[in-house]
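Shown next: final_6.txt, containing compact mmCIF, C-alpha atoms and all ligand atoms.
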# COMPACT_ATOMS: atom_id res chain seq x y z
CA MET P 768 6.19 37.73 7.66
CA ASN P 769 4.38 36.36 10.66
CA VAL P 770 3.57 32.75 10.08
CA VAL P 771 2.08 32.23 13.52
CA GLU P 772 -0.42 35.09 13.20
CA GLU P 773 -1.45 33.86 9.77
CA ILE P 774 -1.94 30.34 11.01
CA LYS P 775 -4.16 31.61 13.83
CA GLN P 776 -6.32 33.17 11.11
CA ILE P 777 -6.90 29.77 9.48
CA GLN P 778 -7.68 27.84 12.69
CA ASP P 779 -11.30 27.32 11.53
CA GLU P 780 -10.09 25.94 8.24
CA ILE P 781 -7.78 23.47 10.01
CA VAL P 782 -10.76 22.36 12.11
CA LYS P 783 -12.82 21.88 8.94
CA TRP P 784 -10.08 19.75 7.31
CA ARG P 785 -9.84 17.68 10.44
CA ARG P 786 -13.60 17.13 10.69
CA ASP P 787 -13.82 16.21 7.01
CA LEU P 788 -11.00 13.68 7.37
CA HIS P 789 -12.53 12.43 10.61
CA GLN P 790 -15.63 11.32 8.69
CA ILE P 791 -13.71 9.19 6.17
CA PRO P 792 -11.35 7.12 8.32
CA GLU P 793 -9.41 4.41 6.50
CA VAL P 794 -7.01 1.77 7.79
CA GLY P 795 -3.58 0.55 6.71
CA PHE P 796 -1.82 1.28 3.41
CA ASP P 797 -4.92 1.85 1.33
CA LEU P 798 -6.45 5.22 2.18
CA PRO P 799 -8.00 6.28 -1.15
CA GLU P 800 -10.57 8.81 0.14
CA THR P 801 -8.19 10.35 2.65
CA ALA P 802 -5.40 10.68 0.10
CA LYS P 803 -7.78 12.18 -2.46
CA TYR P 804 -8.90 14.75 0.08
CA VAL P 805 -5.36 15.75 1.06
CA ALA P 806 -4.22 15.85 -2.59
CA ASN P 807 -7.16 18.04 -3.52
CA GLU P 808 -6.36 20.54 -0.77
CA LEU P 809 -2.69 20.65 -1.83
CA SER P 810 -3.79 21.27 -5.43
CA LYS P 811 -5.99 24.15 -4.29
CA MET P 812 -2.95 25.64 -2.56
CA GLY P 813 -0.89 25.22 -5.72
CA ILE P 814 1.56 22.84 -4.04
CA GLU P 815 3.28 20.13 -6.13
CA TYR P 816 3.03 16.57 -4.83
CA LYS P 817 3.46 12.91 -5.67
CA THR P 818 0.78 10.32 -4.93
CA ASN P 819 0.86 6.57 -4.24
CA MET P 820 3.97 6.82 -2.12
CA GLY P 821 4.17 3.90 0.35
CA GLY P 822 0.61 2.81 -0.39
CA THR P 823 -1.60 5.86 -0.90
CA GLY P 824 0.79 8.25 0.82
CA ILE P 825 1.52 11.73 -0.50
CA VAL P 826 4.77 13.67 -0.66
CA GLY P 827 4.44 17.38 -1.39
CA ILE P 828 7.16 19.95 -1.81
CA ILE P 829 7.41 23.67 -1.22
CA LYS P 830 10.55 24.97 -2.92
CA GLY P 831 11.98 28.15 -1.56
CA GLU P 832 13.40 30.75 -3.90
CA LYS P 833 16.79 30.65 -2.22
CA GLU P 834 18.98 27.54 -2.23
CA GLY P 835 19.31 25.73 1.05
CA LYS P 836 18.65 22.62 3.05
CA VAL P 837 15.53 20.43 2.99
CA ILE P 838 13.35 19.67 5.97
CA ALA P 839 10.51 17.16 6.01
CA LEU P 840 7.34 17.75 7.99
CA ARG P 841 5.73 14.41 8.61
CA ALA P 842 2.10 13.52 9.36
CA ASP P 843 0.41 10.15 9.39
CA MET P 844 -3.17 9.86 8.19
CA ASP P 845 -4.38 6.31 8.89
CA ALA P 846 -7.19 5.34 11.27
CA LEU P 847 -8.15 2.26 13.30
CA PRO P 848 -10.77 -0.48 12.92
CA ILE P 849 -12.75 0.82 15.91
CA LYS P 850 -16.44 1.77 15.92
CA GLU P 851 -16.72 5.41 17.00
CA ASP P 852 -18.83 6.31 20.04
CA THR P 853 -18.12 10.02 20.57
CA LYS P 854 -21.57 11.35 19.59
CA VAL P 855 -19.97 14.39 17.91
CA GLU P 856 -21.77 15.62 14.79
CA TYR P 857 -18.77 14.81 12.64
CA ALA P 858 -18.45 11.24 13.98
CA SER P 859 -17.45 8.51 11.56
CA THR P 860 -20.12 6.06 10.47
CA ASN P 861 -18.06 3.73 8.26
CA GLY P 862 -16.94 1.36 11.04
CA ASN P 863 -13.41 2.78 11.27
CA MET P 864 -12.34 5.62 13.51
CA HIS P 865 -9.62 8.22 13.84
CA ALA P 866 -9.05 7.08 17.42
CA CYS P 867 -5.40 8.13 17.56
CA GLY P 868 -5.76 11.64 16.13
CA HIS P 869 -3.97 11.12 12.82
CA ASP P 870 -6.78 13.11 11.15
CA THR P 871 -5.58 16.09 13.17
CA HIS P 872 -1.95 15.49 12.16
CA ALA P 873 -2.88 15.61 8.48
CA ALA P 874 -5.04 18.72 9.03
CA MET P 875 -2.33 20.53 11.00
CA LEU P 876 0.22 19.73 8.29
CA LEU P 877 -2.14 21.14 5.66
CA GLY P 878 -2.36 24.30 7.79
CA ALA P 879 1.41 24.60 8.00
CA ALA P 880 1.72 23.92 4.26
CA LYS P 881 -0.80 26.58 3.28
CA ILE P 882 0.98 29.37 5.12
CA LEU P 883 4.54 28.25 4.29
CA ASN P 884 3.59 28.09 0.62
CA LYS P 885 2.33 31.67 0.71
CA HIS P 886 5.76 32.74 1.89
CA LYS P 887 7.96 30.49 -0.21
CA GLU P 888 9.90 33.41 -1.63
CA GLU P 889 11.27 33.95 1.88
CA LEU P 890 12.25 30.30 2.34
CA LYS P 891 15.91 29.35 2.20
CA GLY P 892 15.68 25.76 1.02
CA SER P 893 12.67 23.47 0.73
CA VAL P 894 10.00 21.89 2.86
CA LYS P 895 8.80 18.38 2.11
CA LEU P 896 5.30 17.50 3.22
CA ILE P 897 4.99 13.82 4.05
CA PHE P 898 1.52 12.35 4.54
CA GLN P 899 2.12 8.68 5.26
CA THR P 900 -0.13 5.63 5.53
CA ASN P 901 -0.14 2.74 8.00
CA GLU P 902 1.52 4.17 11.08
CA GLU P 903 -0.64 1.94 13.28
CA GLY P 904 0.79 -1.16 11.61
CA ALA P 905 4.30 0.35 11.84
CA GLN P 906 4.71 -0.20 8.09
CA GLY P 907 3.89 3.13 6.44
CA ALA P 908 7.08 5.08 7.18
CA LYS P 909 9.29 2.27 5.94
CA ALA P 910 7.22 1.97 2.76
CA ILE P 911 7.18 5.69 1.93
CA ILE P 912 10.95 5.89 2.50
CA LYS P 913 11.41 2.90 0.17
CA ASP P 914 9.37 4.76 -2.46
CA GLY P 915 11.80 7.67 -2.30
CA ALA P 916 10.18 10.15 0.11
CA LEU P 917 13.57 11.15 1.48
CA GLU P 918 15.20 11.63 -1.94
CA ASN P 919 14.95 14.17 -4.80
CA PRO P 920 15.62 16.43 -3.07
CA LYS P 921 17.33 14.59 -0.25
CA ILE P 922 16.07 15.63 3.16
CA ASP P 923 18.39 16.89 5.89
CA ALA P 924 16.03 16.87 8.86
CA VAL P 925 12.54 15.82 9.94
CA LEU P 926 9.95 17.30 12.28
CA GLY P 927 6.73 15.62 13.40
CA LEU P 928 4.21 15.60 16.21
CA HIS P 929 1.63 13.49 17.97
CA ILE P 930 -1.52 14.95 19.47
CA GLY P 931 -3.44 13.72 22.52
CA SER P 932 -2.42 12.33 25.87
CA ILE P 933 0.49 9.99 25.22
CA PHE P 934 2.36 11.78 28.01
CA SER P 935 -0.09 12.69 30.79
CA GLU P 936 2.22 15.40 32.14
CA VAL P 937 1.68 17.45 28.98
CA GLY P 938 -1.41 19.61 29.59
CA ASP P 939 -3.90 20.96 27.06
CA GLY P 940 -2.13 23.22 24.58
CA GLN P 941 1.30 22.41 26.00
CA ILE P 942 3.99 20.41 24.25
CA GLY P 943 6.24 17.64 25.49
CA VAL P 944 9.77 17.48 24.13
CA GLY P 945 12.55 14.98 24.62
CA TYR P 946 16.19 15.33 23.68
CA ASP P 947 17.07 11.68 23.18
CA LYS P 948 15.20 8.33 23.43
CA ILE P 949 11.55 9.27 23.54
CA MET P 950 9.57 6.19 22.52
CA ALA P 951 10.29 2.48 22.39
CA SER P 952 10.58 -0.04 19.59
CA PHE P 953 7.41 -2.09 19.25
CA ASP P 954 7.61 -5.62 17.89
CA ARG P 955 5.34 -8.61 18.01
CA PHE P 956 6.13 -12.28 18.62
CA TYR P 957 4.29 -15.52 18.02
CA ILE P 958 5.30 -18.84 19.54
CA LYS P 959 3.76 -22.21 18.89
CA ILE P 960 4.63 -24.70 21.62
CA LYS P 961 4.25 -28.13 20.13
CA GLY P 962 3.52 -31.21 22.21
CA HIS P 963 1.70 -34.41 21.51
CA GLY P 964 -2.01 -34.55 22.30
CA CYS P 965 -3.66 -37.39 24.22
CA HIS P 966 -6.40 -38.25 26.74
CA GLY P 967 -6.25 -36.03 29.83
CA ALA P 968 -6.30 -39.11 32.05
CA MET P 969 -3.16 -40.58 30.42
CA PRO P 970 -0.58 -37.77 30.23
CA HIS P 971 2.31 -40.25 30.12
CA VAL P 972 1.45 -41.27 26.55
CA GLY P 973 1.68 -37.70 25.24
CA VAL P 974 3.70 -34.49 25.64
CA ASP P 975 1.72 -31.71 27.34
CA PRO P 976 2.24 -28.33 25.60
CA VAL P 977 0.16 -26.57 28.30
CA ALA P 978 2.70 -27.49 30.97
CA ILE P 979 5.55 -26.42 28.68
CA ALA P 980 3.86 -23.13 27.84
CA GLY P 981 3.47 -22.43 31.57
CA GLN P 982 7.22 -22.78 32.07
CA VAL P 983 8.01 -20.62 29.05
CA ILE P 984 5.66 -17.88 30.24
CA THR P 985 7.20 -17.91 33.70
CA ALA P 986 10.77 -17.88 32.37
CA PHE P 987 9.99 -14.88 30.13
CA GLN P 988 9.32 -12.82 33.24
CA THR P 989 13.02 -12.93 34.05
CA ILE P 990 14.23 -11.52 30.72
CA VAL P 991 13.56 -7.93 31.75
CA SER P 992 13.88 -8.36 35.51
CA ARG P 993 17.16 -10.35 35.52
CA GLU P 994 18.89 -9.81 32.20
CA MET P 995 18.32 -6.18 31.20
CA LYS P 996 20.19 -3.27 32.69
CA PRO P 997 17.74 -1.96 35.31
CA THR P 998 18.24 1.66 34.25
CA HIS P 999 17.24 0.89 30.65
CA PRO P 1000 13.49 0.39 30.30
CA ALA P 1001 12.22 -2.68 28.47
CA VAL P 1002 8.96 -4.66 28.38
CA VAL P 1003 8.00 -8.22 27.48
CA THR P 1004 4.23 -8.72 27.51
CA ILE P 1005 2.35 -11.88 26.62
CA GLY P 1006 -1.08 -10.69 25.58
CA LYS P 1007 -2.57 -13.86 24.21
CA VAL P 1008 -2.39 -17.55 25.08
CA ASN P 1009 -4.46 -20.02 23.15
CA GLY P 1010 -4.55 -23.78 23.51
CA GLY P 1011 -6.81 -26.74 23.98
CA THR P 1012 -10.34 -27.69 23.01
CA ALA P 1013 -11.74 -29.59 26.01
CA TYR P 1014 -11.16 -29.85 29.77
CA ASN P 1015 -10.06 -33.48 29.62
CA VAL P 1016 -7.91 -33.46 26.47
CA ILE P 1017 -4.20 -32.64 26.27
CA PRO P 1018 -3.85 -30.58 23.08
CA ASN P 1019 -1.23 -30.83 20.37
CA TYR P 1020 -0.07 -27.26 20.73
CA VAL P 1021 -0.41 -23.96 22.58
CA GLU P 1022 0.06 -20.55 20.93
CA ILE P 1023 1.56 -17.59 22.74
CA GLU P 1024 1.56 -14.06 21.34
CA GLY P 1025 2.90 -10.86 22.71
CA THR P 1026 4.91 -7.70 22.28
CA PHE P 1027 8.34 -6.53 23.40
CA ARG P 1028 9.56 -2.97 23.74
CA ALA P 1029 12.94 -1.36 24.24
CA VAL P 1030 14.45 2.09 23.85
CA ASP P 1031 17.80 0.67 22.86
CA GLN P 1032 18.41 -1.23 19.62
CA LYS P 1033 20.87 -3.66 21.23
CA GLN P 1034 18.44 -4.50 24.00
CA ARG P 1035 15.71 -4.98 21.44
CA GLU P 1036 17.81 -7.59 19.65
CA MET P 1037 18.83 -9.22 22.91
CA ILE P 1038 15.21 -9.66 24.02
CA VAL P 1039 14.39 -11.61 20.85
CA GLN P 1040 17.48 -13.73 21.13
CA ARG P 1041 16.74 -14.61 24.75
CA MET P 1042 13.06 -15.35 24.09
CA GLU P 1043 14.00 -17.85 21.43
CA GLU P 1044 16.81 -19.44 23.49
CA ILE P 1045 14.50 -19.83 26.49
CA THR P 1046 11.74 -21.31 24.34
CA ALA P 1047 14.16 -23.70 22.65
CA GLY P 1048 15.73 -24.80 25.93
CA ILE P 1049 12.50 -25.37 27.83
CA THR P 1050 10.69 -27.13 25.00
CA LYS P 1051 13.67 -29.40 24.42
CA ALA P 1052 14.01 -30.20 28.13
CA MET P 1053 10.32 -31.07 28.29
CA ARG P 1054 10.24 -33.21 25.10
CA GLY P 1055 8.34 -30.68 23.00
CA ASP P 1056 9.15 -28.53 20.02
CA TYR P 1057 8.38 -24.97 18.94
CA GLU P 1058 7.98 -22.40 16.19
CA PHE P 1059 9.10 -18.85 16.83
CA GLU P 1060 8.22 -15.84 14.70
CA VAL P 1061 8.84 -12.13 15.09
CA VAL P 1062 6.90 -9.45 13.25
CA TRP P 1063 9.24 -6.50 13.42
CA GLY P 1064 7.64 -3.14 14.14
CA ALA P 1065 9.45 0.17 14.28
CA PRO P 1066 12.76 0.87 16.04
CA PRO P 1067 13.00 3.18 19.08
CA VAL P 1068 12.19 6.87 18.46
CA ILE P 1069 15.36 8.83 19.13
CA ASN P 1070 15.34 12.60 18.87
CA ASN P 1071 18.41 14.62 17.94
CA GLU P 1072 19.56 16.82 20.80
CA GLU P 1073 20.83 19.76 18.78
CA PHE P 1074 17.81 19.87 16.49
CA THR P 1075 15.48 19.63 19.50
CA LYS P 1076 17.23 22.51 21.26
CA ASP P 1077 16.69 24.71 18.20
CA PHE P 1078 13.08 23.59 17.98
CA VAL P 1079 12.49 24.46 21.65
CA GLU P 1080 13.76 27.99 20.95
CA THR P 1081 11.18 28.27 18.16
CA ALA P 1082 8.46 26.85 20.42
CA LYS P 1083 9.19 29.36 23.19
CA GLY P 1084 8.24 32.14 20.83
CA ILE P 1085 4.93 30.48 19.92
CA ILE P 1086 3.52 28.96 23.10
CA GLY P 1087 5.81 30.35 25.83
CA GLU P 1088 8.48 28.58 27.84
CA GLU P 1089 6.00 27.64 30.58
CA ASN P 1090 4.10 25.47 28.12
CA ILE P 1091 7.09 23.38 27.08
CA ILE P 1092 7.41 20.28 29.22
CA GLU P 1093 10.67 18.39 29.12
CA LEU P 1094 9.98 14.65 29.02
CA LYS P 1095 12.49 12.95 31.25
CA GLU P 1096 11.36 9.37 30.66
CA PRO P 1097 10.39 7.74 27.38
CA SER P 1098 6.98 6.26 26.64
CA MET P 1099 7.05 2.52 26.02
CA GLY P 1100 4.58 3.12 23.22
CA GLY P 1101 6.07 3.26 19.74
CA GLU P 1102 5.81 5.33 16.56
CA ASP P 1103 7.14 4.61 13.13
CA ILE P 1104 8.54 8.14 12.70
CA ALA P 1105 11.51 6.26 14.16
CA TYR P 1106 12.45 5.23 10.60
CA PHE P 1107 12.80 8.88 9.52
CA LEU P 1108 14.74 9.77 12.67
CA ASN P 1109 17.08 6.86 11.94
CA GLU P 1110 17.97 8.51 8.62
CA VAL P 1111 18.23 12.19 9.52
CA PRO P 1112 18.27 14.34 12.66
CA GLY P 1113 15.00 15.77 13.87
CA THR P 1114 12.46 15.75 16.63
CA PHE P 1115 9.11 14.20 17.39
CA PHE P 1116 7.10 16.20 19.92
CA PHE P 1117 3.78 15.75 21.70
CA LEU P 1118 0.92 18.25 21.63
CA GLY P 1119 -1.36 17.92 24.66
CA ALA P 1120 -5.04 18.04 23.70
CA PHE P 1121 -7.00 16.61 26.62
CA ASN P 1122 -9.34 18.87 28.53
CA GLU P 1123 -11.40 17.70 31.50
CA GLU P 1124 -13.74 20.71 31.44
CA LYS P 1125 -14.64 19.89 27.87
CA GLY P 1126 -15.03 16.19 28.70
CA ILE P 1127 -12.14 15.27 26.43
CA VAL P 1128 -10.55 12.62 28.61
CA HIS P 1129 -10.75 9.30 26.77
CA PRO P 1130 -7.53 7.53 25.88
CA HIS P 1131 -6.10 6.85 22.44
CA HIS P 1132 -7.41 3.77 20.61
CA THR P 1133 -10.78 3.79 22.40
CA PRO P 1134 -14.25 4.51 20.91
CA LYS P 1135 -14.75 7.79 22.82
CA PHE P 1136 -11.32 9.28 22.02
CA ASN P 1137 -11.31 12.91 20.97
CA VAL P 1138 -9.03 15.93 21.18
CA ASP P 1139 -9.38 19.62 21.98
CA GLU P 1140 -9.54 21.22 18.55
CA ASP P 1141 -8.49 24.63 19.96
CA VAL P 1142 -4.86 23.49 19.97
CA PHE P 1143 -4.65 22.89 16.20
CA TRP P 1144 -3.18 26.28 15.29
CA LYS P 1145 -0.36 25.60 17.73
CA GLY P 1146 0.51 22.33 16.01
CA SER P 1147 0.49 23.96 12.58
CA ALA P 1148 2.48 26.96 13.79
CA LEU P 1149 5.10 24.79 15.50
CA LEU P 1150 5.58 22.75 12.32
CA ALA P 1151 5.72 25.77 10.00
CA GLN P 1152 7.85 28.03 12.16
CA GLY P 1153 10.04 25.07 13.20
CA ALA P 1154 10.79 24.37 9.53
CA LEU P 1155 11.33 28.00 8.69
CA ASP P 1156 13.67 28.73 11.58
CA TRP P 1157 15.72 25.61 10.94
CA LEU P 1158 16.09 26.36 7.23
CA ASN P 1159 16.94 30.00 7.77
CA LYS P 1160 19.39 29.34 10.59
ZN ZN S 1201 -2.21 4.93 17.54
ZN ZN S 1202 -0.83 7.64 16.61
Just dump the structure as structure tokens.
Ligand SMILES: [Zn+2]
Ligand SMILES: [Zn+2]
Amino acid sequence: MNVVEEIKQIQDEIVKWRRDLHQIPEVGFDLPETAKYVANELSKMGIEYKTNMGGTGIVGIIKGEKEGKVIALRADMDALPIKEDTKVEYASTNGNMHACGHDTHAAMLLGAAKILNKHKEELKGSVKLIFQTNEEGAQGAKAIIKDGALENPKIDAVLGLHIGSIFSEVGDGQIGVGYDKIMASFDRFYIKIKGHGCHGAMPHVGVDPVAIAGQVITAFQTIVSREMKPTHPAVVTIGKVNGGTAYNVIPNYVEIEGTFRAVDQKQREMIVQRMEEITAGITKAMRGDYEFEVVWGAPPVINNEEFTKDFVETAKGIIGEENIIELKEPSMGGEDIAYFLNEVPGTFFFLGAFNEEKGIVHPHHTPKFNVDEDVFWKGSALLAQGALDWLNK
């Protein structure tokens, strides 16, 4: 059996799946058209699956004839509320856009599934096919796990990928691999600094939340620079400050929103604790009050070293050692595959798909984002052969 050669033969079909999905982008948990499309393709292949897992997610299974372990191949399939401006003939017109490439992840997983299913009699164990919703909101993985995606049969490992240019050192058709912490946690915070509004000419009769907010914002800059171990990357970013209605009025409150990132769970918890302590201390000292909320995103993405080493051996045989780039530093972006990798060993790798000659240079989450479709067979082959080699080891 030569999975890779067979996947090369269906490259055009993978492109077609991707272009079809690209035209029906949907956002969040509710992806009815996308899920229907994926389910229909799995049915055509004769693969069993469950629907409505973690929203409209799908969990398929390919059972090998021999007993063995279970590996999950994971793809996300949600899009973003961005109006597409790529001018490609298969561009979306419904106001949403696959601006992160999750359409390609779903298509590449379908490609892997099709060929693995044809060879299931040679499989030792089973392959679960996880098509999850709402990665962008960092909620889909958690939800599909809660709905039992990792059980019956219980999975022993997970393999997933992200296409595009998340790591700029990974060239077109190359892959980036990391053996440990590879992406950060990504959480969101909201703070309401409460003062007491009054006339701008008579500040002494009120409590100015703008002045308090200024101190809080400044003090936050020292959380990473003075309190975190310098060799462990972390980020605190305030992306939004909102307060006031007129130039000569002291408002009642100021709102501050932002995100914090860490590659270490302890540091992640410490950042939140320190943000709240600083906010509480400064607001109290300056006669104000506050509300503090955290919307938890996904934990850090941590690959398993041993699994990744095995996967790299597989990858060498498919794309050649020279096309495997070891990622030495994590990205401070996040990915909710972290929830799967918290449960079982596995790896999340990055498939480079930017190509200057083809004009494919626009970043993720922007209206002109696209990817080089010629790399799709590689993604499918790496998933399929990665699963096969791990099960048959
Ligand atoms: Zn994204
Ligand atoms: Zn993404």
Practice task
Could you check which of P:Leu1094, P:Leu809, P:Ala986, P:Val837 is closest to Ile922 of chain P, using only C-alpha atoms?
Solution key: P:Val837
Problem - Counting all atoms listed in the file, the residue of P:Ala1082, P:Leu847, P:Val782, P:Met1037 that sits nearest ligand ZN 1201 (chain S) - result: P:Leu847
Name the residues in contact with Leu1108 of chain P at a cut-off of 10 Å, using all atoms listed in the file, excluding same-chain residues fewer than 6 positions from it; report them as a PDB file with C-alpha atoms, keeping the file's coordinate frame.
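So part_25.pdb came out as:
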ATOM      1  CA  ALA P 924      16.030  16.870   8.860  1.00  0.00           C
ATOM      2  CA  VAL P 925      12.540  15.820   9.940  1.00  0.00           C
ATOM      3  CA  LEU P 926       9.950  17.300  12.280  1.00  0.00           C
ATOM      4  CA  GLY P 927       6.730  15.620  13.400  1.00  0.00           C
ATOM      5  CA  PRO P1066      12.760   0.870  16.040  1.00  0.00           C
ATOM      6  CA  PRO P1067      13.000   3.180  19.080  1.00  0.00           C
ATOM      7  CA  VAL P1068      12.190   6.870  18.460  1.00  0.00           C
ATOM      8  CA  ILE P1069      15.360   8.830  19.130  1.00  0.00           C
ATOM      9  CA  ASN P1070      15.340  12.600  18.870  1.00  0.00           C
ATOM     10  CA  ASN P1071      18.410  14.620  17.940  1.00  0.00           C
ATOM     11  CA  THR P1114      12.460  15.750  16.630  1.00  0.00           C
ATOM     12  CA  PHE P1115       9.110  14.200  17.390  1.00  0.00           C
TER      13      PHE P1115
END
Exercise for the section: Return as an MDAnalysis selection string the residues of protein, DNA or RNA that approach ligand ZN 1201 (chain S) to within 7 Å, with all atoms listed in the file taken into account. Expected result: chainID P and resid 867 903 1131:1132
Practice task
Return as a ChimeraX atom specification every polymer residue, whether protein, DNA or RNA, with at least one atom no more than 12 Å from an atom of ligand ZN 1202 (chain S); count all atoms listed in the file.
Solution key: /P:842-847,865-873,899-905,927-933,1100-1104,1115,1117-1118,1130-1132,1136
Selected residues, C-alpha atoms, written as an mmCIF file, in the frame of the given file, please.
data_model
loop_
_atom_site.group_PDB
_atom_site.id
_atom_site.type_symbol
_atom_site.label_atom_id
_atom_site.label_comp_id
_atom_site.auth_asym_id
_atom_site.auth_seq_id
_atom_site.Cartn_x
_atom_site.Cartn_y
_atom_site.Cartn_z
ATOM 1 C CA ALA P 842 2.100 13.520 9.360
ATOM 2 C CA ASP P 843 0.410 10.150 9.390
ATOM 3 C CA MET P 844 -3.170 9.860 8.190
ATOM 4 C CA ASP P 845 -4.380 6.310 8.890
ATOM 5 C CA ALA P 846 -7.190 5.340 11.270
ATOM 6 C CA LEU P 847 -8.150 2.260 13.300
ATOM 7 C CA HIS P 865 -9.620 8.220 13.840
ATOM 8 C CA ALA P 866 -9.050 7.080 17.420
ATOM 9 C CA CYS P 867 -5.400 8.130 17.560
ATOM 10 C CA GLY P 868 -5.760 11.640 16.130
ATOM 11 C CA HIS P 869 -3.970 11.120 12.820
ATOM 12 C CA ASP P 870 -6.780 13.110 11.150
ATOM 13 C CA THR P 871 -5.580 16.090 13.170
ATOM 14 C CA HIS P 872 -1.950 15.490 12.160
ATOM 15 C CA ALA P 873 -2.880 15.610 8.480
ATOM 16 C CA GLN P 899 2.120 8.680 5.260
ATOM 17 C CA THR P 900 -0.130 5.630 5.530
ATOM 18 C CA ASN P 901 -0.140 2.740 8.000
ATOM 19 C CA GLU P 902 1.520 4.170 11.080
ATOM 20 C CA GLU P 903 -0.640 1.940 13.280
ATOM 21 C CA GLY P 904 0.790 -1.160 11.610
ATOM 22 C CA ALA P 905 4.300 0.350 11.840
ATOM 23 C CA GLY P 927 6.730 15.620 13.400
ATOM 24 C CA LEU P 928 4.210 15.600 16.210
ATOM 25 C CA HIS P 929 1.630 13.490 17.970
ATOM 26 C CA ILE P 930 -1.520 14.950 19.470
ATOM 27 C CA GLY P 931 -3.440 13.720 22.520
ATOM 28 C CA SER P 932 -2.420 12.330 25.870
ATOM 29 C CA ILE P 933 0.490 9.990 25.220
ATOM 30 C CA GLY P 1100 4.580 3.120 23.220
ATOM 31 C CA GLY P 1101 6.070 3.260 19.740
ATOM 32 C CA GLU P 1102 5.810 5.330 16.560
ATOM 33 C CA ASP P 1103 7.140 4.610 13.130
ATOM 34 C CA ILE P 1104 8.540 8.140 12.700
ATOM 35 C CA PHE P 1115 9.110 14.200 17.390
ATOM 36 C CA PHE P 1117 3.780 15.750 21.700
ATOM 37 C CA LEU P 1118 0.920 18.250 21.630
ATOM 38 C CA PRO P 1130 -7.530 7.530 25.880
ATOM 39 C CA HIS P 1131 -6.100 6.850 22.440
ATOM 40 C CA HIS P 1132 -7.410 3.770 20.610
ATOM 41 C CA PHE P 1136 -11.320 9.280 22.020
#
Problem - One-decimal distance in Å that lies between atom CA of Phe1059 of chain P and atom CA of Glu1036 of chain P - result: 14.5 Å
Practice task
Select, from P:Arg841, P:Lys1145, P:Lys921, P:Lys913, the residue with the minimum atom-to-atom distance to Gly1087 of chain P, counting all atoms listed in the file.
Solution key: P:Lys1145
Practice task
Place a sphere of radius 12 Å on (-2.3, 22.6, 24.0) in the file coordinates and name every protein, DNA or RNA residue with an atom inside or on its surface, counting all atoms listed in the file; give the answer as an NGL selection string.
Solution key: :P and (929-932 or 936-943 or 1085-1087 or 1089-1092 or 1117-1122 or 1138-1147 or 1149)
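For the pair atom CA of Ala1013 of chain P and atom CA of Ile984 of chain P, the separation is 21.4 Å.
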Exercise for the section: Please indicate the distance in Å from atom CA of Leu883 of chain P to atom CA of Asp923 of chain P, rounded to one decimal place. Expected result: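 Pair atom CA of Leu883 of chain P / atom CA of Asp923 of chain P returns 18.0 Å.
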Quick one: axis-aligned box around all listed atoms of segment 862-878 of chain P, 6 Å on every side, centre and edge lengths in Å to one decimal, written as lines of an AutoDock Vina configuration file.
center_x = -8.4
center_y = 12.8
center_z = 11.6
size_x = 29.2
size_y = 34.9
size_z = 23.9
Exercise for the section: Could you check which of P:Trp784, P:Phe1116, P:Tyr1020, P:Tyr804 is closest to Ile949 of chain P, using only C-alpha atoms? Expected result: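 The answer is P:Phe1116, which sits nearest to Ile949 of chain P.
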Find the spatial neighbours of Asn769 of chain P, counting only C-alpha atoms, within a cut-off of 12 Å - ignore same-chain residues fewer than 3 positions away - and output them as a PDB file with C-alpha atoms, in the frame of the given file.
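Final file, part-v8.pdb:
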ATOM      1  CA  GLU P 772      -0.420  35.090  13.200  1.00  0.00           C
ATOM      2  CA  GLU P 773      -1.450  33.860   9.770  1.00  0.00           C
ATOM      3  CA  ILE P 774      -1.940  30.340  11.010  1.00  0.00           C
ATOM      4  CA  LYS P 775      -4.160  31.610  13.830  1.00  0.00           C
ATOM      5  CA  GLN P 776      -6.320  33.170  11.110  1.00  0.00           C
ATOM      6  CA  ILE P 882       0.980  29.370   5.120  1.00  0.00           C
ATOM      7  CA  LEU P 883       4.540  28.250   4.290  1.00  0.00           C
ATOM      8  CA  LYS P 885       2.330  31.670   0.710  1.00  0.00           C
ATOM      9  CA  HIS P 886       5.760  32.740   1.890  1.00  0.00           C
ATOM     10  CA  GLU P 889      11.270  33.950   1.880  1.00  0.00           C
ATOM     11  CA  GLY P1084       8.240  32.140  20.830  1.00  0.00           C
ATOM     12  CA  ILE P1085       4.930  30.480  19.920  1.00  0.00           C
ATOM     13  CA  ALA P1148       2.480  26.960  13.790  1.00  0.00           C
ATOM     14  CA  ALA P1151       5.720  25.770  10.000  1.00  0.00           C
ATOM     15  CA  GLN P1152       7.850  28.030  12.160  1.00  0.00           C
ATOM     16  CA  LEU P1155      11.330  28.000   8.690  1.00  0.00           C
TER      17      LEU P1155
END
Practice task
Would you list the contacts of Gly831 of chain P as a list in words, taking every protein, DNA or RNA residue within 10 Å and counting only C-alpha atoms, but skipping same-chain residues closer than 5 positions in sequence?
Solution key: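 My reading of the contact set: Lys836, Val837, Leu883, Asn884, His886, Lys887, Glu888, Glu889, Leu890, Lys891, Gly892, Ser893, Val894 and Leu1158 of chain P.
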Fill in the blank from the handout: Restricting to only C-alpha atoms, whichever of P:Met969, P:Ala1154, P:Ala951, P:Ala980 is closest to Ala880 of chain P is P:Ala1154
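Shell of His966 of chain P at 12 Å, with only C-alpha atoms counted and residues fewer than 5 places along the chain excluded, is His971, Val972, Gly973, Val974, Asp975, Gly1011, Thr1012, Ala1013, Tyr1014, Asn1015, Val1016, Ile1017, Pro1018 and Asn1019 of chain P.
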Problem - Minimum-distance residue to Phe796 of chain P, chosen among P:Ala908, P:Val1128, P:Ile990, P:Met812 (using all atoms listed in the file) - result: P:Ala908
